[in-house]
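Colleague: Sharing input.cif (mmCIF, C-alpha atoms and all ligand atoms) below.
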data_my_file
loop_
_atom_site.label_atom_id
_atom_site.label_comp_id
_atom_site.auth_asym_id
_atom_site.auth_seq_id
_atom_site.Cartn_x
_atom_site.Cartn_y
_atom_site.Cartn_z
CA MET V 1 -77.99 -27.40 -78.52
CA GLY V 2 -80.67 -24.99 -77.41
CA SER V 3 -83.34 -25.59 -80.01
CA SER V 4 -86.99 -25.25 -79.14
CA ASP V 5 -87.72 -28.62 -80.76
CA GLY V 6 -90.34 -30.52 -78.88
CA PHE V 7 -91.59 -27.55 -76.85
CA GLU V 8 -94.73 -26.88 -78.86
CA GLU V 9 -95.64 -30.58 -79.00
CA ARG V 10 -95.37 -30.76 -75.22
CA PHE V 11 -97.02 -27.47 -74.28
CA GLY V 12 -99.25 -26.59 -77.26
CA ALA V 13 -97.66 -23.18 -77.97
CA PRO V 14 -94.17 -22.01 -78.92
CA PRO V 15 -91.65 -20.85 -76.29
CA THR V 16 -91.13 -17.12 -75.81
CA HIS V 17 -87.92 -16.86 -73.78
CA VAL V 18 -84.65 -18.61 -73.14
CA SER V 19 -82.88 -18.67 -69.80
CA ARG V 20 -79.33 -20.04 -69.90
CA ALA V 21 -76.57 -20.47 -67.35
CA PRO V 22 -73.08 -21.86 -67.98
CA GLY V 23 -71.17 -24.49 -66.05
CA ARG V 24 -67.76 -23.61 -64.72
CA VAL V 25 -64.29 -25.01 -64.29
CA ASN V 26 -62.47 -24.03 -61.15
CA LEU V 27 -58.84 -23.28 -62.03
CA ILE V 28 -57.59 -23.21 -58.44
CA GLY V 29 -59.01 -22.73 -54.93
CA GLU V 30 -60.80 -25.98 -54.17
CA HIS V 31 -62.92 -26.62 -51.08
CA ILE V 32 -62.21 -23.18 -49.71
CA ASP V 33 -65.21 -21.16 -50.95
CA TYR V 34 -67.28 -22.48 -48.03
CA ASN V 35 -64.54 -21.21 -45.74
CA ASP V 36 -65.11 -17.80 -47.34
CA LEU V 37 -61.68 -17.73 -48.97
CA PRO V 38 -61.17 -16.50 -52.56
CA VAL V 39 -61.24 -18.91 -55.53
CA LEU V 40 -60.38 -18.65 -59.25
CA PRO V 41 -62.95 -20.23 -61.61
CA MET V 42 -64.08 -19.44 -65.15
CA ALA V 43 -67.40 -20.09 -66.90
CA LEU V 44 -67.60 -22.66 -69.70
CA GLN V 45 -69.11 -22.76 -73.18
CA ARG V 46 -71.26 -25.63 -71.94
CA GLU V 47 -74.48 -24.71 -70.24
CA VAL V 48 -77.99 -25.44 -69.05
CA ARG V 49 -80.57 -23.83 -71.31
CA ILE V 50 -84.31 -23.56 -70.67
CA VAL V 51 -86.71 -22.52 -73.41
CA LEU V 52 -89.91 -21.41 -71.75
CA ARG V 53 -93.27 -19.73 -71.90
CA PRO V 54 -94.70 -17.80 -68.94
CA ARG V 55 -97.95 -19.13 -67.44
CA ASP V 56 -100.83 -17.17 -65.95
CA ASP V 57 -100.72 -19.20 -62.77
CA SER V 58 -98.16 -20.35 -60.21
CA LEU V 59 -97.24 -23.68 -61.75
CA VAL V 60 -93.71 -24.48 -62.84
CA VAL V 61 -93.83 -27.32 -65.36
CA LEU V 62 -90.36 -28.33 -66.48
CA HIS V 63 -89.61 -31.10 -68.92
CA ASN V 64 -86.11 -32.38 -69.59
CA ALA V 65 -84.91 -33.15 -73.12
CA ASP V 66 -83.05 -36.08 -71.56
CA PRO V 67 -85.70 -38.77 -71.08
CA ALA V 68 -83.82 -40.10 -68.03
CA PHE V 69 -85.29 -37.16 -66.10
CA ALA V 70 -89.08 -37.28 -65.62
CA PRO V 71 -91.04 -33.98 -65.84
CA VAL V 72 -91.30 -31.85 -62.71
CA GLU V 73 -94.42 -29.90 -61.77
CA PHE V 74 -95.13 -27.84 -58.67
CA GLU V 75 -96.76 -24.66 -57.48
CA ILE V 76 -94.48 -21.77 -56.46
CA GLN V 77 -94.63 -21.19 -52.71
CA PRO V 78 -92.27 -20.78 -49.78
CA ARG V 79 -91.25 -23.94 -47.92
CA LEU V 80 -91.70 -26.35 -50.81
CA GLU V 81 -91.63 -30.04 -50.03
CA PRO V 82 -88.34 -31.48 -51.40
CA GLU V 83 -88.38 -34.44 -53.78
CA ALA V 84 -86.55 -37.61 -52.78
CA ALA V 85 -82.77 -37.17 -52.32
CA GLY V 86 -81.05 -37.11 -55.70
CA HIS V 87 -84.14 -36.12 -57.72
CA TRP V 88 -83.30 -33.41 -60.27
CA GLY V 89 -86.51 -31.59 -59.30
CA ASN V 90 -84.81 -30.41 -56.12
CA TYR V 91 -82.55 -28.16 -58.22
CA VAL V 92 -85.70 -26.70 -59.81
CA LYS V 93 -87.57 -26.27 -56.54
CA ALA V 94 -84.52 -24.77 -54.78
CA PRO V 95 -84.63 -21.30 -56.46
CA ALA V 96 -88.45 -21.23 -56.44
CA ASP V 97 -88.48 -21.87 -52.71
CA GLU V 98 -85.76 -19.29 -52.05
CA LEU V 99 -87.32 -16.54 -54.18
CA ALA V 100 -90.81 -17.23 -52.79
CA ARG V 101 -89.48 -16.81 -49.25
CA ARG V 102 -88.01 -13.43 -50.13
CA PHE V 103 -90.38 -11.91 -52.73
CA ALA V 104 -94.04 -12.02 -53.65
CA ILE V 105 -93.52 -14.13 -56.76
CA TRP V 106 -96.43 -16.00 -58.28
CA ARG V 107 -95.91 -16.46 -62.04
CA GLY V 108 -94.71 -19.85 -63.17
CA PHE V 109 -93.74 -21.15 -66.61
CA ASP V 110 -93.74 -24.11 -68.93
CA GLY V 111 -90.16 -25.00 -69.80
CA LEU V 112 -87.96 -27.48 -71.56
CA VAL V 113 -84.44 -27.90 -70.25
CA GLU V 114 -81.43 -29.06 -72.22
CA SER V 115 -77.83 -29.32 -71.11
CA ASP V 116 -74.48 -30.31 -72.59
CA LEU V 117 -72.84 -30.32 -69.17
CA PRO V 118 -72.07 -33.72 -67.69
CA THR V 119 -73.83 -34.12 -64.32
CA ALA V 120 -71.99 -34.95 -61.09
CA ALA V 121 -68.68 -34.22 -62.82
CA GLY V 122 -67.40 -31.17 -60.92
CA LEU V 123 -68.44 -28.69 -63.63
CA ALA V 124 -71.31 -27.19 -61.60
CA SER V 125 -74.20 -28.49 -63.70
CA SER V 126 -76.38 -28.28 -60.59
CA SER V 127 -75.73 -24.59 -60.03
CA ALA V 128 -76.26 -23.89 -63.74
CA LEU V 129 -79.74 -25.42 -63.44
CA VAL V 130 -80.49 -23.52 -60.21
CA ASN V 131 -79.35 -20.26 -61.84
CA ALA V 132 -81.27 -20.81 -65.09
CA VAL V 133 -84.52 -21.52 -63.19
CA GLY V 134 -83.87 -18.69 -60.70
CA LEU V 135 -83.14 -16.18 -63.45
CA ALA V 136 -86.33 -17.17 -65.29
CA LEU V 137 -88.49 -16.80 -62.17
CA ALA V 138 -86.87 -13.48 -61.24
CA HIS V 139 -87.46 -12.02 -64.70
CA LEU V 140 -90.99 -13.31 -65.10
CA ASN V 141 -91.92 -11.90 -61.69
CA GLU V 142 -90.07 -8.62 -62.11
CA VAL V 143 -87.74 -9.19 -59.20
CA GLU V 144 -84.84 -6.76 -59.56
CA VAL V 145 -81.66 -7.71 -57.76
CA GLU V 146 -78.02 -6.92 -58.49
CA THR V 147 -75.87 -9.85 -59.58
CA PRO V 148 -73.86 -10.28 -56.34
CA ALA V 149 -76.97 -10.36 -54.16
CA PHE V 150 -78.72 -12.67 -56.62
CA ALA V 151 -75.71 -15.02 -56.67
CA GLU V 152 -75.76 -15.17 -52.87
CA MET V 153 -79.48 -15.97 -52.99
CA MET V 154 -78.90 -18.77 -55.46
CA ALA V 155 -76.12 -20.19 -53.25
CA ASP V 156 -78.54 -20.16 -50.30
CA ALA V 157 -81.15 -21.71 -52.57
CA GLU V 158 -78.99 -24.65 -53.57
CA ARG V 159 -78.58 -25.71 -49.93
CA PHE V 160 -82.25 -26.82 -50.25
CA THR V 161 -80.74 -29.91 -51.87
CA GLY V 162 -78.84 -30.89 -48.71
CA THR V 163 -75.32 -29.98 -49.87
CA ARG V 164 -73.75 -27.33 -47.62
CA GLY V 165 -71.93 -25.80 -50.59
CA GLY V 166 -70.05 -22.53 -50.94
CA GLY V 167 -70.94 -19.67 -53.28
CA MET V 168 -68.39 -20.05 -56.09
CA ASP V 169 -70.51 -21.84 -58.69
CA GLN V 170 -73.56 -19.62 -58.63
CA ALA V 171 -71.37 -16.47 -58.69
CA ILE V 172 -69.22 -17.39 -61.68
CA SER V 173 -72.15 -18.82 -63.65
CA LEU V 174 -74.05 -15.54 -63.22
CA GLY V 175 -71.24 -12.99 -63.29
CA ALA V 176 -68.57 -14.34 -65.67
CA ARG V 177 -67.20 -12.35 -68.61
CA ALA V 178 -66.16 -13.89 -71.93
CA GLY V 179 -62.41 -14.34 -72.26
CA ALA V 180 -61.83 -14.02 -68.53
CA ALA V 181 -61.55 -16.03 -65.35
CA ALA V 182 -62.57 -14.38 -62.08
CA ARG V 183 -61.14 -14.19 -58.65
CA VAL V 184 -64.27 -14.57 -56.54
CA SER V 185 -64.16 -13.48 -52.91
CA PHE V 186 -66.93 -13.79 -50.36
CA LYS V 187 -68.61 -11.82 -47.60
CA PRO V 188 -69.12 -9.53 -49.40
CA LEU V 189 -69.23 -11.32 -52.75
CA ARG V 190 -66.86 -9.67 -55.22
CA MET V 191 -65.51 -10.66 -58.61
CA ARG V 192 -62.24 -9.47 -60.08
CA HIS V 193 -62.20 -10.44 -63.76
CA LEU V 194 -58.81 -11.58 -65.08
CA ILE V 195 -58.15 -11.94 -68.80
CA VAL V 196 -56.97 -15.46 -69.59
CA PRO V 197 -53.64 -15.05 -71.44
CA GLU V 198 -54.03 -15.70 -75.15
CA HIS V 199 -51.62 -18.61 -75.37
CA TRP V 200 -53.13 -20.42 -72.36
CA CYS V 201 -55.48 -23.28 -72.85
CA PHE V 202 -57.38 -25.12 -70.12
CA VAL V 203 -58.16 -28.72 -71.04
CA ILE V 204 -60.92 -30.51 -69.15
CA ALA V 205 -61.05 -34.30 -69.00
CA ASP V 206 -63.77 -36.37 -67.37
CA THR V 207 -62.85 -39.54 -65.49
CA GLY V 208 -66.29 -40.94 -66.34
CA VAL V 209 -66.76 -41.65 -62.62
CA ARG V 210 -69.81 -39.79 -61.31
CA ALA V 211 -69.70 -38.16 -57.89
CA GLU V 212 -73.40 -37.75 -57.12
CA LYS V 213 -73.91 -35.05 -54.51
CA SER V 214 -77.15 -36.71 -53.55
CA GLY V 215 -75.31 -39.88 -52.53
CA PRO V 216 -72.07 -40.62 -50.64
CA ALA V 217 -70.29 -37.62 -52.18
CA GLN V 218 -72.74 -35.30 -50.40
CA LYS V 219 -71.97 -36.89 -47.06
CA ALA V 220 -68.21 -36.70 -47.69
CA TYR V 221 -68.51 -33.08 -48.86
CA ASN V 222 -70.55 -31.96 -45.84
CA LEU V 223 -68.14 -33.81 -43.56
CA ARG V 224 -65.17 -31.87 -45.00
CA ARG V 225 -67.00 -28.63 -44.33
CA ALA V 226 -67.75 -29.65 -40.73
CA GLU V 227 -64.10 -30.65 -40.23
CA CYS V 228 -62.94 -27.23 -41.45
CA GLU V 229 -65.30 -25.56 -38.96
CA GLU V 230 -64.08 -27.78 -36.13
CA ALA V 231 -60.43 -27.17 -36.98
CA PHE V 232 -60.96 -23.41 -37.12
CA SER V 233 -62.81 -23.39 -33.77
CA ALA V 234 -59.98 -25.28 -32.09
CA VAL V 235 -57.35 -22.86 -33.41
CA ARG V 236 -59.47 -19.87 -32.46
CA ALA V 237 -59.97 -21.27 -28.96
CA ARG V 238 -56.20 -21.50 -28.52
CA ILE V 239 -55.77 -17.88 -29.67
CA GLU V 240 -58.51 -16.77 -27.26
CA ARG V 241 -56.78 -18.60 -24.43
CA ASP V 242 -53.37 -17.11 -25.25
CA GLN V 243 -54.62 -13.59 -25.95
CA PRO V 244 -57.71 -13.06 -23.79
CA ASP V 245 -57.59 -9.27 -24.22
CA ARG V 246 -57.91 -9.27 -28.00
CA PRO V 247 -60.93 -10.14 -30.15
CA PRO V 248 -60.30 -13.61 -31.68
CA PRO V 249 -60.28 -14.06 -35.48
CA SER V 250 -63.79 -14.48 -36.84
CA SER V 251 -62.94 -16.47 -39.99
CA TYR V 252 -60.14 -18.18 -41.89
CA SER V 253 -59.51 -14.99 -43.88
CA ASP V 254 -59.41 -12.94 -40.70
CA LEU V 255 -56.90 -15.38 -39.22
CA LEU V 256 -54.70 -15.32 -42.34
CA ARG V 257 -54.85 -11.54 -42.48
CA LEU V 258 -53.73 -11.29 -38.87
CA ARG V 259 -50.97 -13.90 -38.89
CA GLY V 260 -50.07 -14.95 -42.44
CA VAL V 261 -49.95 -18.54 -43.67
CA ASP V 262 -46.69 -19.71 -42.05
CA GLU V 263 -47.47 -18.47 -38.56
CA THR V 264 -51.03 -19.80 -38.82
CA LEU V 265 -49.74 -23.21 -39.85
CA ALA V 266 -47.20 -23.33 -37.03
CA LEU V 267 -49.96 -22.56 -34.55
CA ALA V 268 -52.29 -25.15 -36.08
CA GLU V 269 -49.59 -27.81 -35.81
CA SER V 270 -49.48 -27.30 -32.07
CA VAL V 271 -53.28 -27.49 -31.72
CA LEU V 272 -54.57 -30.01 -34.27
CA ARG V 273 -53.87 -33.65 -35.05
CA GLY V 274 -54.69 -36.17 -37.81
CA ASN V 275 -57.38 -35.30 -40.34
CA LEU V 276 -58.28 -31.98 -38.72
CA LEU V 277 -54.69 -30.80 -39.17
CA ARG V 278 -54.67 -32.09 -42.76
CA ARG V 279 -57.92 -30.31 -43.65
CA PHE V 280 -56.71 -27.08 -42.05
CA ARG V 281 -53.37 -27.29 -43.86
CA HIS V 282 -55.10 -27.73 -47.20
CA VAL V 283 -57.35 -24.73 -46.61
CA VAL V 284 -54.62 -22.27 -45.67
CA THR V 285 -52.08 -23.42 -48.26
CA GLU V 286 -54.75 -23.43 -50.99
CA ALA V 287 -55.64 -19.85 -50.05
CA ARG V 288 -51.99 -18.91 -50.56
CA ARG V 289 -51.93 -20.74 -53.90
CA VAL V 290 -54.96 -18.76 -55.09
CA ASP V 291 -53.23 -15.49 -54.26
CA GLU V 292 -50.08 -16.59 -56.09
CA ALA V 293 -52.04 -17.99 -59.04
CA THR V 294 -53.86 -14.66 -59.44
CA ASP V 295 -50.51 -12.91 -59.83
CA ARG V 296 -49.22 -15.63 -62.19
CA MET V 297 -52.26 -15.22 -64.42
CA VAL V 298 -51.86 -11.46 -64.54
CA GLY V 299 -48.18 -11.96 -65.44
CA ALA V 300 -49.02 -14.72 -67.98
CA GLU V 301 -46.54 -17.03 -66.22
CA LEU V 302 -47.77 -20.38 -67.48
CA ALA V 303 -45.19 -22.69 -65.90
CA ALA V 304 -45.60 -21.11 -62.47
CA PHE V 305 -49.40 -21.31 -62.64
CA GLY V 306 -49.09 -24.98 -63.64
CA THR V 307 -46.83 -25.70 -60.67
CA LEU V 308 -49.47 -24.23 -58.35
CA MET V 309 -52.13 -26.46 -59.94
CA ASP V 310 -49.96 -29.54 -59.32
CA ALA V 311 -49.45 -28.49 -55.70
CA SER V 312 -53.20 -27.98 -55.32
CA HIS V 313 -53.87 -31.49 -56.59
CA GLY V 314 -51.27 -32.95 -54.22
CA SER V 315 -52.89 -31.18 -51.29
CA LEU V 316 -56.40 -32.30 -52.31
CA ARG V 317 -55.13 -35.87 -52.54
CA SER V 318 -52.95 -36.11 -49.42
CA ASP V 319 -54.50 -33.61 -47.02
CA TYR V 320 -58.11 -33.29 -48.16
CA HIS V 321 -58.65 -36.90 -49.29
CA VAL V 322 -60.97 -36.03 -52.19
CA SER V 323 -58.98 -37.42 -55.11
CA SER V 324 -59.34 -40.90 -56.64
CA VAL V 325 -57.23 -43.36 -58.63
CA GLU V 326 -58.80 -42.12 -61.87
CA LEU V 327 -58.27 -38.41 -61.06
CA ASP V 328 -54.63 -39.09 -60.15
CA GLU V 329 -54.15 -41.06 -63.36
CA LEU V 330 -55.71 -38.42 -65.61
CA THR V 331 -53.62 -35.63 -64.06
CA ALA V 332 -50.45 -37.70 -64.53
CA ILE V 333 -51.29 -38.42 -68.19
CA ALA V 334 -51.96 -34.73 -68.83
CA ARG V 335 -48.63 -33.75 -67.29
CA GLU V 336 -46.74 -36.41 -69.23
CA GLY V 337 -48.51 -35.25 -72.40
CA GLY V 338 -47.08 -31.75 -71.95
CA ALA V 339 -49.42 -29.90 -69.57
CA ALA V 340 -47.81 -27.26 -67.35
CA GLY V 341 -49.94 -28.53 -64.48
CA ALA V 342 -53.12 -30.47 -63.74
CA ARG V 343 -55.53 -30.93 -60.88
CA LEU V 344 -58.93 -32.29 -60.04
CA THR V 345 -61.64 -29.63 -60.36
CA GLY V 346 -64.84 -29.25 -58.36
CA ALA V 347 -65.51 -31.32 -55.29
CA GLY V 348 -63.58 -34.41 -56.47
CA PHE V 349 -64.45 -38.03 -55.56
CA GLY V 350 -64.68 -38.56 -59.35
CA GLY V 351 -65.64 -36.07 -62.06
CA CYS V 352 -63.16 -33.99 -64.02
CA ILE V 353 -59.60 -32.72 -64.05
CA VAL V 354 -58.38 -29.43 -65.49
CA ALA V 355 -54.94 -29.09 -67.09
CA LEU V 356 -53.12 -25.93 -68.14
CA VAL V 357 -51.54 -26.28 -71.54
CA SER V 358 -49.89 -23.83 -73.92
CA ARG V 359 -52.12 -23.46 -76.96
CA ARG V 360 -49.67 -25.20 -79.27
CA GLU V 361 -49.52 -28.24 -76.94
CA ALA V 362 -53.29 -28.67 -76.57
CA ASP V 363 -53.73 -31.31 -79.29
CA HIS V 364 -50.80 -33.23 -77.93
CA VAL V 365 -52.32 -33.39 -74.45
CA LEU V 366 -55.75 -34.33 -75.82
CA ASP V 367 -54.12 -37.13 -77.86
CA ALA V 368 -52.32 -38.41 -74.75
CA LEU V 369 -55.58 -38.46 -72.78
CA ARG V 370 -57.35 -40.36 -75.55
CA ALA V 371 -54.55 -42.88 -76.02
CA ASP V 372 -53.69 -43.54 -72.40
CA TYR V 373 -56.97 -43.08 -70.52
CA TYR V 374 -60.03 -43.38 -72.76
CA ARG V 375 -58.88 -46.01 -75.27
CA PRO V 376 -57.70 -48.63 -72.74
CA ARG V 377 -61.06 -48.28 -70.97
CA GLY V 378 -63.07 -48.56 -74.18
CA LEU V 379 -64.43 -45.02 -73.61
CA THR V 380 -63.89 -43.96 -77.20
CA ASP V 381 -67.48 -42.93 -77.94
CA GLU V 382 -68.15 -39.23 -77.37
CA VAL V 383 -64.49 -38.73 -76.57
CA ASP V 384 -64.70 -35.06 -77.61
CA ALA V 385 -67.39 -34.57 -75.00
CA ARG V 386 -65.20 -36.20 -72.35
CA ALA V 387 -62.00 -34.25 -73.07
CA PHE V 388 -62.19 -30.75 -74.48
CA VAL V 389 -60.69 -27.28 -74.42
CA ALA V 390 -62.53 -24.90 -72.10
CA ILE V 391 -63.51 -21.55 -73.61
CA PRO V 392 -63.78 -18.80 -70.97
CA SER V 393 -67.38 -17.70 -71.47
CA GLY V 394 -69.84 -15.06 -70.33
CA GLY V 395 -72.40 -15.46 -67.56
CA ALA V 396 -76.08 -16.40 -67.52
CA THR V 397 -78.66 -14.54 -69.61
CA PHE V 398 -82.43 -14.33 -69.95
CA ALA V 399 -83.75 -13.14 -73.30
CA PRO V 400 -86.80 -13.25 -75.54
CA ILE V 401 -86.80 -15.62 -78.48
CA SER V 402 -86.93 -13.36 -81.51
CA GLY V 403 -90.33 -13.22 -83.12
CA ALA V 404 -92.08 -14.69 -80.09
CA ARG V 405 -94.81 -12.74 -78.29
CA SER V 406 -94.46 -12.82 -74.54
CA ARG V 407 -96.82 -12.48 -71.60
CA GLY V 408 -95.40 -11.21 -68.34
CA GLY V 409 -91.83 -10.45 -67.44
CA ARG V 410 -89.35 -8.09 -69.01
CA ASP V 411 -87.49 -8.82 -72.17
CA ALA V 412 -83.83 -8.22 -71.51
CA ALA V 413 -81.33 -9.43 -68.98
CA ALA V 414 -81.85 -7.02 -66.11
CA PHE V 415 -79.03 -7.74 -63.75
CA GLY V 416 -76.18 -5.25 -63.63
CA SER V 417 -72.81 -6.94 -63.90
CA ILE V 418 -70.62 -7.24 -60.84
P1 LIG V 501 -69.12 -29.15 -57.61
O1 LIG V 501 -68.24 -30.28 -57.37
O2 LIG V 501 -68.97 -28.56 -58.96
O3 LIG V 501 -70.54 -29.44 -57.28
C1 LIG V 501 -68.74 -28.08 -55.16
C2 LIG V 501 -69.46 -26.88 -54.53
C3 LIG V 501 -68.58 -25.61 -54.59
C4 LIG V 501 -67.19 -25.88 -54.07
C5 LIG V 501 -66.60 -27.13 -54.76
C6 LIG V 501 -65.25 -27.51 -54.21
C7 LIG V 501 -71.90 -26.76 -54.68
C8 LIG V 501 -73.05 -26.32 -55.50
N1 LIG V 501 -70.69 -26.59 -55.23
O4 LIG V 501 -68.68 -27.94 -56.56
O5 LIG V 501 -69.21 -24.59 -53.83
O6 LIG V 501 -67.16 -26.01 -52.67
O7 LIG V 501 -67.46 -28.25 -54.61
O8 LIG V 501 -64.33 -26.47 -54.35
O9 LIG V 501 -72.07 -27.22 -53.57
#
Just give me the structure of the file as structure tokens.
Ligand code: NG1
Modeller:
Amino acid sequence: MGSSDGFEERFGAPPTHVSRAPGRVNLIGEHIDYNDLPVLPMALQREVRIVLRPRDDSLVVLHNADPAFAPVEFEIQPRLEPEAAGHWGNYVKAPADELARRFAIWRGFDGLVESDLPTAAGLASSSALVNAVGLALAHLNEVEVETPAFAEMMADAERFTGTRGGGMDQAISLGARAGAAARVSFKPLRMRHLIVPEHWCFVIADTGVRAEKSGPAQKAYNLRRAECEEAFSAVRARIERDQPDRPPPSSYSDLLRLRGVDETLALAESVLRGNLLRRFRHVVTEARRVDEATDRMVGAELAAFGTLMDASHGSLRSDYHVSSVELDELTAIAREGGAAGARLTGAGFGGCIVALVSRREADHVLDALRADYYRPRGLTDEVDARAFVAIPSGGATFAPISGARSRGGRDAAAFGSI
């Protein structure tokens, strides 16, 4: 992947730069980034890659190597008109709109995008595209921003598409280090890089069911976020009533810091009912699992990390209602095939699972997934693309193509690492 083939035929001159941003797999900490609680993702070897040539005007002209996606063309300006819901152009316009609101950017580019990330599969292909376009525009227009601030900008940018997402995907795709996962915490955005133990292997397997954020999955996702806000407000209101002299907690992390998980849960059980209680319970127990998983990764305790992944999946299924028959089946097959633990990854409603496997068991688990999930469904083509071992990879880069002569922009990645 990543060749410049077809660029010159489309644009009449060779490309000069490449802007690339990886997808990610979230190891644990699902649906809590938008509650500003820490999460534990790692960047993947699969990525969105744009070969490009700066223009002398404000047009962004982006073709997609996949003919299913028609070319996008627009002029950089603040308050861009969105495309129809679900159009891939919204993920291109999102960073242009955001950067144009904040900086005097004017230089556009001709680009050709390629990706080996499945879309709507929970591997953050959307944020990889937002980051790759954003990084290109920032470099070409000499916008200098540190990685954490830039990641926050790209998270704000992506909300242009209508999904009220958190900031995990943009942060890990920009700030990851090869060989490591990262504990990402928010407000302020921070990344603690954790070496993935040598004998650990994370296997990703795609259900083949797409969870398009532009369709029903977006509505379900935004609803979960609203439910978390409502649940938190109700608990905070009770604390305010009971302790009128003290400032009430301002966030989930504030609440957990003040009371701990068990006391917080006991309080919530006396305030909340039904789905609001379930959502709240998922959020606070998942936060605890992330803390424990961080320690288990540092200690290279594979079985214990796997147990936490299983518990996370159970909570996402029973309390958060974002799993599916296929996700449950794939996780069960992975466990039976020898995984230490398995869970859905990303927003759910379809998409992928991630399983933790000791390196010597990886082939065994992959064989089990092929035999028991893909073969009975006739999904044997491209099976290596559907189930594969994740390689913890480095973050996004912008670089000149060697031998090419550029106009505008600087030549090296300019963002300091977090
Ligand atoms: P996916 O499913 O990869 O799009 C989404 C959000 C994350 C996070 C996860 C659930 C966006 C761009 N991404 O990821 O912020 O909330 O769901 O943990 O909205």
Colleague: Around ligand LIG 501 (chain V), at most 9 Å away and counting only C-alpha atoms and all ligand atoms, which residues are there? Put them as JSON, numbers by chain, please.
Modeller: {"V": [23, 24, 25, 26, 28, 29, 30, 31, 32, 33, 34, 35, 39, 120, 121, 122, 123, 124, 125, 126, 127, 155, 158, 159, 163, 164, 165, 166, 167, 168, 169, 170, 211, 212, 213, 218, 221, 225, 345, 346, 347, 348, 349, 351]}
Colleague: Between V:Ala68, V:Leu356, V:Ala157, V:Leu117, single out the one closest to Pro197 of chain V, counting all atoms listed in the file.
Modeller: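 Nearest candidate to Pro197 of chain V out of V:Ala68, V:Leu356, V:Ala157, V:Leu117: V:Leu356.
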Colleague: Which residues are near Val354 of chain V? Cut-off 6 Å, all atoms listed in the file, ignore same chain within fewer than 4 positions. Put them as a list of chain:residue names.
Modeller: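 These residues fall inside the cut-off: V:Val203, V:Ile204, V:Ala342, V:Arg343.
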Colleague: So that I can check the surroundings of Ser173 of chain V, please list as number ranges by chain every protein, DNA and RNA residue that reaches within 10 Å of it, counting only C-alpha atoms and ignoring chain neighbours fewer than 2 positions away.
Modeller: V: 20-24, 41-44, 47, 124-125, 127-128, 131-132, 151, 168-171, 175-177, 393-397
Colleague: Could you turn the residues from that selection into a file that holds C-alpha atoms, as a PDB file, in the coordinates of the input?
Modeller:
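Saved to again_17.pdb:
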ATOM      1  CA  ARG V  20     -79.330 -20.040 -69.900  1.00  0.00           C
ATOM      2  CA  ALA V  21     -76.570 -20.470 -67.350  1.00  0.00           C
ATOM      3  CA  PRO V  22     -73.080 -21.860 -67.980  1.00  0.00           C
ATOM      4  CA  GLY V  23     -71.170 -24.490 -66.050  1.00  0.00           C
ATOM      5  CA  ARG V  24     -67.760 -23.610 -64.720  1.00  0.00           C
ATOM      6  CA  PRO V  41     -62.950 -20.230 -61.610  1.00  0.00           C
ATOM      7  CA  MET V  42     -64.080 -19.440 -65.150  1.00  0.00           C
ATOM      8  CA  ALA V  43     -67.400 -20.090 -66.900  1.00  0.00           C
ATOM      9  CA  LEU V  44     -67.600 -22.660 -69.700  1.00  0.00           C
ATOM     10  CA  GLU V  47     -74.480 -24.710 -70.240  1.00  0.00           C
ATOM     11  CA  ALA V 124     -71.310 -27.190 -61.600  1.00  0.00           C
ATOM     12  CA  SER V 125     -74.200 -28.490 -63.700  1.00  0.00           C
ATOM     13  CA  SER V 127     -75.730 -24.590 -60.030  1.00  0.00           C
ATOM     14  CA  ALA V 128     -76.260 -23.890 -63.740  1.00  0.00           C
ATOM     15  CA  ASN V 131     -79.350 -20.260 -61.840  1.00  0.00           C
ATOM     16  CA  ALA V 132     -81.270 -20.810 -65.090  1.00  0.00           C
ATOM     17  CA  ALA V 151     -75.710 -15.020 -56.670  1.00  0.00           C
ATOM     18  CA  MET V 168     -68.390 -20.050 -56.090  1.00  0.00           C
ATOM     19  CA  ASP V 169     -70.510 -21.840 -58.690  1.00  0.00           C
ATOM     20  CA  GLN V 170     -73.560 -19.620 -58.630  1.00  0.00           C
ATOM     21  CA  ALA V 171     -71.370 -16.470 -58.690  1.00  0.00           C
ATOM     22  CA  GLY V 175     -71.240 -12.990 -63.290  1.00  0.00           C
ATOM     23  CA  ALA V 176     -68.570 -14.340 -65.670  1.00  0.00           C
ATOM     24  CA  ARG V 177     -67.200 -12.350 -68.610  1.00  0.00           C
ATOM     25  CA  SER V 393     -67.380 -17.700 -71.470  1.00  0.00           C
ATOM     26  CA  GLY V 394     -69.840 -15.060 -70.330  1.00  0.00           C
ATOM     27  CA  GLY V 395     -72.400 -15.460 -67.560  1.00  0.00           C
ATOM     28  CA  ALA V 396     -76.080 -16.400 -67.520  1.00  0.00           C
ATOM     29  CA  THR V 397     -78.660 -14.540 -69.610  1.00  0.00           C
TER      30      THR V 397
END
Colleague: Report as a count of residues only all protein, DNA and RNA residues lying within 8 Å of Glu98 of chain V, evaluated on all atoms listed in the file, omitting residues in the same chain fewer than 5 positions from it.
Modeller: 5
Colleague: Find the residues with any atom within 6 Å of (-98.2, -20.5, -64.1); use all atoms listed in the file and the coordinates as given in the file, and write the answer as a ChimeraX atom specification.
Modeller: /V:55-59,107-109
Colleague: Here is a test: counting all atoms listed in the file, which residue of V:His63, V:Arg49, V:Arg246, V:Arg375 is nearest to Asp116 of chain V?
Modeller: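 Ranking V:His63, V:Arg49, V:Arg246, V:Arg375 by distance to Asp116 of chain V, first place goes to V:Arg49.
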Colleague: With all atoms listed in the file as the counted atoms, please give the residues lying no more than 6 Å from segment 277-292 of chain V, apart from itself and same-chain residues fewer than 2 positions off, as a ChimeraX atom specification.
Modeller: /V:29,32,272-275,294-295,315,319-320
